[in-house]
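Raw entry24.txt, compact mmCIF, C-alpha atoms:
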```
# COMPACT_ATOMS: atom_id res chain seq x y z
CA MET A 1 0.00 0.00 0.00
CA ALA A 2 1.32 3.45 -0.93
CA GLN A 3 2.31 5.65 1.97
CA ASN A 4 0.17 8.71 2.72
CA LYS A 5 1.45 12.03 1.40
CA THR A 6 2.40 14.25 4.34
CA ILE A 7 1.22 17.87 4.42
CA LEU A 8 2.29 21.01 6.30
CA ILE A 9 -0.20 23.91 6.42
CA ILE A 10 1.09 27.50 6.70
CA ASP A 11 -1.70 30.05 7.18
CA ASP A 12 -2.22 32.73 9.82
CA HIS A 13 -5.95 32.02 10.34
CA PRO A 14 -6.49 29.14 12.82
CA LEU A 15 -10.11 28.57 11.75
CA PHE A 16 -9.12 28.30 8.11
CA ARG A 17 -6.36 25.84 9.00
CA GLU A 18 -8.97 23.75 10.81
CA GLY A 19 -11.15 23.87 7.72
CA LEU A 20 -8.29 22.69 5.53
CA LYS A 21 -7.51 19.85 7.94
CA ALA A 22 -11.17 18.77 7.88
CA ILE A 23 -11.17 18.68 4.07
CA ILE A 24 -7.88 16.79 3.89
CA GLY A 25 -9.00 14.39 6.61
CA ARG A 26 -11.72 13.06 4.30
CA ASP A 27 -9.11 11.63 1.92
CA ALA A 28 -7.06 8.66 3.09
CA HIS A 29 -4.17 9.45 0.75
CA PHE A 30 -3.11 12.60 2.60
CA GLU A 31 -2.11 13.32 6.20
CA VAL A 32 -1.55 16.71 7.88
CA VAL A 33 1.60 16.40 10.00
CA GLY A 34 2.01 20.03 11.07
CA GLU A 35 0.75 23.60 10.87
CA ALA A 36 2.15 27.09 11.37
CA GLY A 37 0.74 30.61 11.56
CA ASN A 38 3.64 32.56 10.05
CA GLY A 39 6.50 32.19 7.61
CA ARG A 40 9.28 31.90 10.15
CA GLU A 41 7.62 29.05 12.04
CA GLY A 42 6.49 27.48 8.77
CA LEU A 43 10.04 27.32 7.42
CA ARG A 44 11.31 25.86 10.70
CA MET A 45 8.64 23.16 10.64
CA ALA A 46 9.23 22.43 6.97
CA MET A 47 12.92 21.79 7.67
CA LYS A 48 12.04 19.59 10.64
CA LEU A 49 9.22 17.56 9.03
CA GLU A 50 10.34 17.54 5.38
CA PRO A 51 6.73 17.06 4.21
CA ASP A 52 5.73 15.91 0.74
CA LEU A 53 3.44 18.91 0.31
CA VAL A 54 3.11 22.38 1.83
CA LEU A 55 -0.03 24.52 1.66
CA VAL A 56 1.02 28.20 1.79
CA ASP A 57 -1.04 31.38 2.05
CA ILE A 58 0.39 34.40 0.20
CA SER A 59 -0.51 36.90 2.95
CA LEU A 60 1.43 35.91 6.06
CA PRO A 61 2.05 38.26 9.01
CA ASP A 62 5.84 38.25 8.78
CA GLN A 63 6.62 37.74 5.10
CA SER A 64 5.16 37.05 1.68
CA GLY A 65 4.10 33.47 1.06
CA ILE A 66 5.71 33.78 -2.36
CA GLN A 67 9.10 34.50 -0.80
CA LEU A 68 8.52 31.62 1.63
CA THR A 69 7.82 29.36 -1.35
CA ARG A 70 11.20 30.28 -2.83
CA GLU A 71 12.94 29.50 0.46
CA ILE A 72 11.24 26.13 0.93
CA ARG A 73 11.89 25.06 -2.66
CA THR A 74 15.56 26.04 -2.32
CA LEU A 75 16.05 24.10 0.90
CA LEU A 76 13.67 21.22 0.13
CA PRO A 77 13.59 20.81 -3.66
CA ASP A 78 11.52 17.61 -3.48
CA THR A 79 8.74 19.26 -1.47
CA ARG A 80 5.78 20.45 -3.56
CA ILE A 81 4.04 23.76 -2.84
CA LEU A 82 0.32 24.45 -3.27
CA ILE A 83 -0.69 28.08 -2.77
CA VAL A 84 -4.09 28.56 -1.10
CA SER A 85 -4.89 32.27 -1.26
CA MET A 86 -7.70 34.81 -1.37
CA HIS A 87 -5.85 36.57 -4.22
CA SER A 88 -6.84 35.68 -7.78
CA LYS A 89 -4.97 38.36 -9.73
CA ILE A 90 -2.75 37.10 -12.53
CA ASP A 91 0.24 38.96 -11.01
CA TYR A 92 0.07 36.89 -7.83
CA ILE A 93 -0.52 33.65 -9.74
CA ALA A 94 2.37 34.20 -12.15
CA GLU A 95 4.74 35.21 -9.35
CA ALA A 96 3.75 32.17 -7.27
CA PHE A 97 4.53 29.71 -10.06
CA GLN A 98 7.76 31.48 -10.91
CA ALA A 99 8.75 31.16 -7.23
CA GLY A 100 8.40 27.39 -7.40
CA ALA A 101 4.77 26.60 -6.59
CA THR A 102 3.16 23.85 -8.64
CA GLY A 103 -0.43 24.54 -7.64
CA TYR A 104 -2.72 27.49 -6.89
CA VAL A 105 -6.19 27.33 -5.29
CA VAL A 106 -8.40 30.29 -4.39
CA LYS A 107 -9.60 30.07 -0.78
CA GLU A 108 -13.29 30.46 -1.59
CA SER A 109 -13.24 27.29 -3.71
CA ALA A 110 -10.91 25.26 -1.49
CA SER A 111 -13.69 22.98 -0.29
CA GLU A 112 -14.37 21.82 -3.86
CA ARG A 113 -10.93 22.04 -5.45
CA LEU A 114 -8.34 21.38 -2.73
CA ILE A 115 -8.17 17.58 -2.95
CA LYS A 116 -7.89 17.63 -6.73
CA GLY A 117 -5.14 20.23 -6.41
CA LEU A 118 -3.27 18.05 -3.91
CA GLU A 119 -3.57 15.05 -6.21
CA TYR A 120 -2.12 16.95 -9.17
CA VAL A 121 0.67 18.59 -7.19
CA SER A 122 1.67 15.36 -5.45
CA ARG A 123 2.21 13.83 -8.90
CA GLY A 124 4.42 16.75 -9.91
CA GLU A 125 1.78 18.20 -12.23
CA TYR A 126 0.66 21.81 -12.35
CA PHE A 127 -2.76 22.71 -10.96
CA LEU A 128 -4.47 26.07 -11.33
CA ASP A 129 -7.89 26.88 -9.91
CA SER A 130 -9.05 28.89 -12.92
CA SER A 131 -9.75 28.59 -16.63
CA MET A 132 -6.02 28.81 -17.39
CA SER A 133 -4.50 25.58 -18.69
CA GLN A 134 -1.34 23.81 -17.60
CA GLN A 135 0.26 24.94 -20.85
CA VAL A 136 -0.29 28.58 -19.86
CA VAL A 137 1.29 27.95 -16.46
CA LYS A 138 4.32 26.32 -18.09
CA ARG A 139 4.67 29.32 -20.37
CA LEU A 140 4.62 31.63 -17.35
CA MET A 141 7.48 29.64 -15.82
CA ASP A 142 9.49 29.27 -19.01
CA SER A 143 9.52 32.99 -19.82
CA PRO A 144 9.70 34.97 -16.55
CA ALA A 145 11.72 37.79 -18.12
CA LYS A 146 9.01 38.38 -20.72
CA ASP A 147 6.31 38.47 -18.07
CA LYS A 148 8.20 41.08 -16.04
CA LYS A 149 8.43 43.37 -19.07
CA ILE A 150 4.64 43.45 -19.15
CA THR A 151 4.72 45.31 -15.85
CA ASP A 152 7.60 47.75 -15.33
CA ALA A 153 11.36 47.31 -15.18
CA ALA A 154 11.68 49.77 -12.31
CA TYR A 155 9.49 47.60 -10.08
CA GLY A 156 11.92 44.73 -10.60
CA ASN A 157 14.70 46.89 -9.13
CA LEU A 158 12.97 46.97 -5.75
CA THR A 159 14.12 44.48 -3.15
CA PRO A 160 11.58 41.82 -2.05
CA ARG A 161 11.06 43.75 1.21
CA GLU A 162 10.54 47.02 -0.67
CA GLN A 163 7.96 45.31 -2.87
CA GLU A 164 6.12 44.10 0.24
CA VAL A 165 6.18 47.59 1.78
CA MET A 166 5.04 49.17 -1.49
CA ARG A 167 2.00 46.89 -1.75
CA LEU A 168 0.99 47.63 1.83
CA LEU A 169 1.46 51.38 1.36
CA ALA A 170 -0.66 51.24 -1.79
CA GLU A 171 -3.36 49.38 0.14
CA GLY A 172 -3.55 52.31 2.54
CA LEU A 173 -1.80 50.93 5.62
CA SER A 174 0.01 53.37 7.89
CA ARG A 175 3.70 53.14 8.78
CA LYS A 176 2.74 51.78 12.19
CA GLU A 177 0.41 49.13 10.70
CA ILE A 178 3.02 48.06 8.16
CA GLY A 179 5.67 47.89 10.87
CA GLU A 180 3.47 45.66 13.02
CA LYS A 181 2.62 43.42 10.06
CA LEU A 182 6.24 42.99 8.94
CA PHE A 183 7.81 43.12 12.42
CA ILE A 184 9.90 46.20 11.64
CA SER A 185 9.91 49.71 13.12
CA PRO A 186 7.91 52.61 11.61
CA LYS A 187 11.27 54.31 10.98
CA THR A 188 12.41 51.35 8.90
CA VAL A 189 9.13 51.47 7.00
CA GLU A 190 9.75 55.16 6.24
CA ASN A 191 13.27 54.36 5.03
CA HIS A 192 11.85 51.72 2.70
CA ARG A 193 9.22 54.18 1.50
CA THR A 194 11.89 56.77 0.68
CA ASN A 195 13.91 54.19 -1.27
CA ILE A 196 10.80 53.04 -3.14
CA MET A 197 9.81 56.58 -4.14
CA ASN A 198 13.35 57.35 -5.31
CA LYS A 199 13.74 54.14 -7.32
CA LEU A 200 10.35 54.54 -9.01
CA ASP A 201 10.66 58.33 -9.42
CA LEU A 202 7.37 58.91 -7.58
CA HIS A 203 6.60 62.02 -5.55
CA SER A 204 3.38 61.38 -3.62
CA THR A 205 1.26 58.61 -2.13
CA ILE A 206 -1.34 59.13 -4.86
CA GLU A 207 1.31 58.52 -7.52
CA LEU A 208 2.35 55.38 -5.65
CA ILE A 209 -1.25 54.10 -5.61
CA ARG A 210 -1.71 54.82 -9.32
CA TYR A 211 1.55 53.03 -10.10
CA ALA A 212 0.53 49.97 -8.05
CA ALA A 213 -2.89 49.92 -9.71
CA LYS A 214 -1.29 50.09 -13.17
CA LEU A 215 0.77 46.99 -12.32
CA GLY A 216 -2.34 45.21 -11.03
CA LEU A 217 -0.94 44.97 -7.50
CA ILE A 218 -4.09 46.40 -5.89
CA ASP A 219 -7.78 46.70 -6.70
CA VAL A 220 -8.55 50.24 -7.84
CA ASP A 221 -12.07 49.85 -6.44
CA LEU A 222 -10.59 49.95 -2.94
CA TRP A 223 -9.69 53.59 -3.52
CA LYS A 224 -12.94 54.88 -5.02
CA GLU A 225 -14.64 57.58 -3.01
```
As structure tokens, what does this structure read like?
Amino acid sequence: MAQNKTILIIDDHPLFREGLKAIIGRDAHFEVVGEAGNGREGLRMAMKLEPDLVLVDISLPDQSGIQLTREIRTLLPDTRILIVSMHSKIDYIAEAFQAGATGYVVKESASERLIKGLEYVSRGEYFLDSSMSQQVVKRLMDSPAKDKKITDAAYGNLTPREQEVMRLLAEGLSRKEIGEKLFISPKTVENHRTNIMNKLDLHSTIELIRYAAKLGLIDVDLWKE
């Protein structure tokens, strides 16, 4: 009999983790062996457990789930990553696959699509919870440079931390809120903001928001009066 595929869940919402465990528990081929509420603990547990599969949320309190995906895939190349996120924008999806994920499920459809996603990913196949085909996903991975040109070269010059801070600034969070979310001081947030504005040649928060909206990093509707 084939051994169960082991799974680590990394998501900062305890109730959602419980929901995922309940869904997975209905399939005898998979077994949840650990869970974590942030990236730092998730990476530690991944190194300790060396699971077959890791479910990762993009929005974690201490770092981006996309960056965490890169770290896990670098340290544990045989471990497969399935992103389970509330974000459905193509920018997030493309970046997740380029970081090393092999599956992407939107949270609102997890109850119907999660097991199928786990089955695909555990076989080393790509799975995308949308109308996009596996061929499209492969094309995203095979030509990352081309995809980046669709956005803006200047954005690629930002460090991963600066990109995180930029997204949060564009979403309207204050320096204090960003500092608490990323575990850095408001002063450090301001330093990142200054670097971001200089690198992108922006001169106001409104320009920053418009720039982020142009790249598809935020929903413009969030900023309508």
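For the set A:Lys107, A:Lys214, A:Lys176, A:Lys199, the residue with the smallest atom-to-atom gap to Asp11 of chain A is A:Lys107, counting all atoms listed in the file.
Considering the residues A:Thr102, A:Lys89, A:Arg26, A:Asp12 and counting all atoms listed in the file, Val54 of chain A has its shortest atom-to-atom contact with A:Thr102.
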Original post:
Interatomic distance between atom CA of Pro186 of chain A and atom CA of Tyr155 of chain A?
Top reply: 22.3 Å
Around all of segment 26-45 of chain A's listed atoms, make the axis-aligned box with 3 Å on each side and tell me centre and edge lengths in Å to one decimal, as JSON.
```
{"center_x": -0.2, "center_y": 20.6, "center_z": 6.4, "size_x": 29.0, "size_y": 29.9, "size_z": 17.3}
```
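Residues in contact with Asn4 of chain A at 10 Å, where all atoms listed in the file are counted and same-chain residues fewer than 2 positions away are skipped, are listed as Met1, Ala2, Thr6, Ile7, Asp27, Ala28, His29, Phe30, Glu31, Val32 and Asp52 of chain A.
Residues in contact with Thr159 of chain A at up to 12 Å, not including ones fewer than 2 positions away on its chain and judged by only C-alpha atoms, are A:Gln67, A:Ala154, A:Tyr155, A:Gly156, A:Asn157, A:Arg161, A:Glu162, A:Gln163, A:Glu164, A:Val165, A:Met166, A:His192, A:Arg193, A:Asn195, A:Ile196, A:Lys199.
Of the listed residues A:Asp91, A:Pro77, A:Lys187, A:Ile23, the one whose atoms come nearest to Ala110 of chain A is A:Ile23, with distances taken using only C-alpha atoms.
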**OP:** Tell me, in Å to one decimal, how far atom CA of Ser64 of chain A is from atom CA of Ser111 of chain A.
**Re:** 23.6 Å
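Considering only C-alpha atoms, the residue among A:Ile115, A:Ile58, A:Ile184, A:Ala153 positioned nearest to Leu215 of chain A is A:Ala153.
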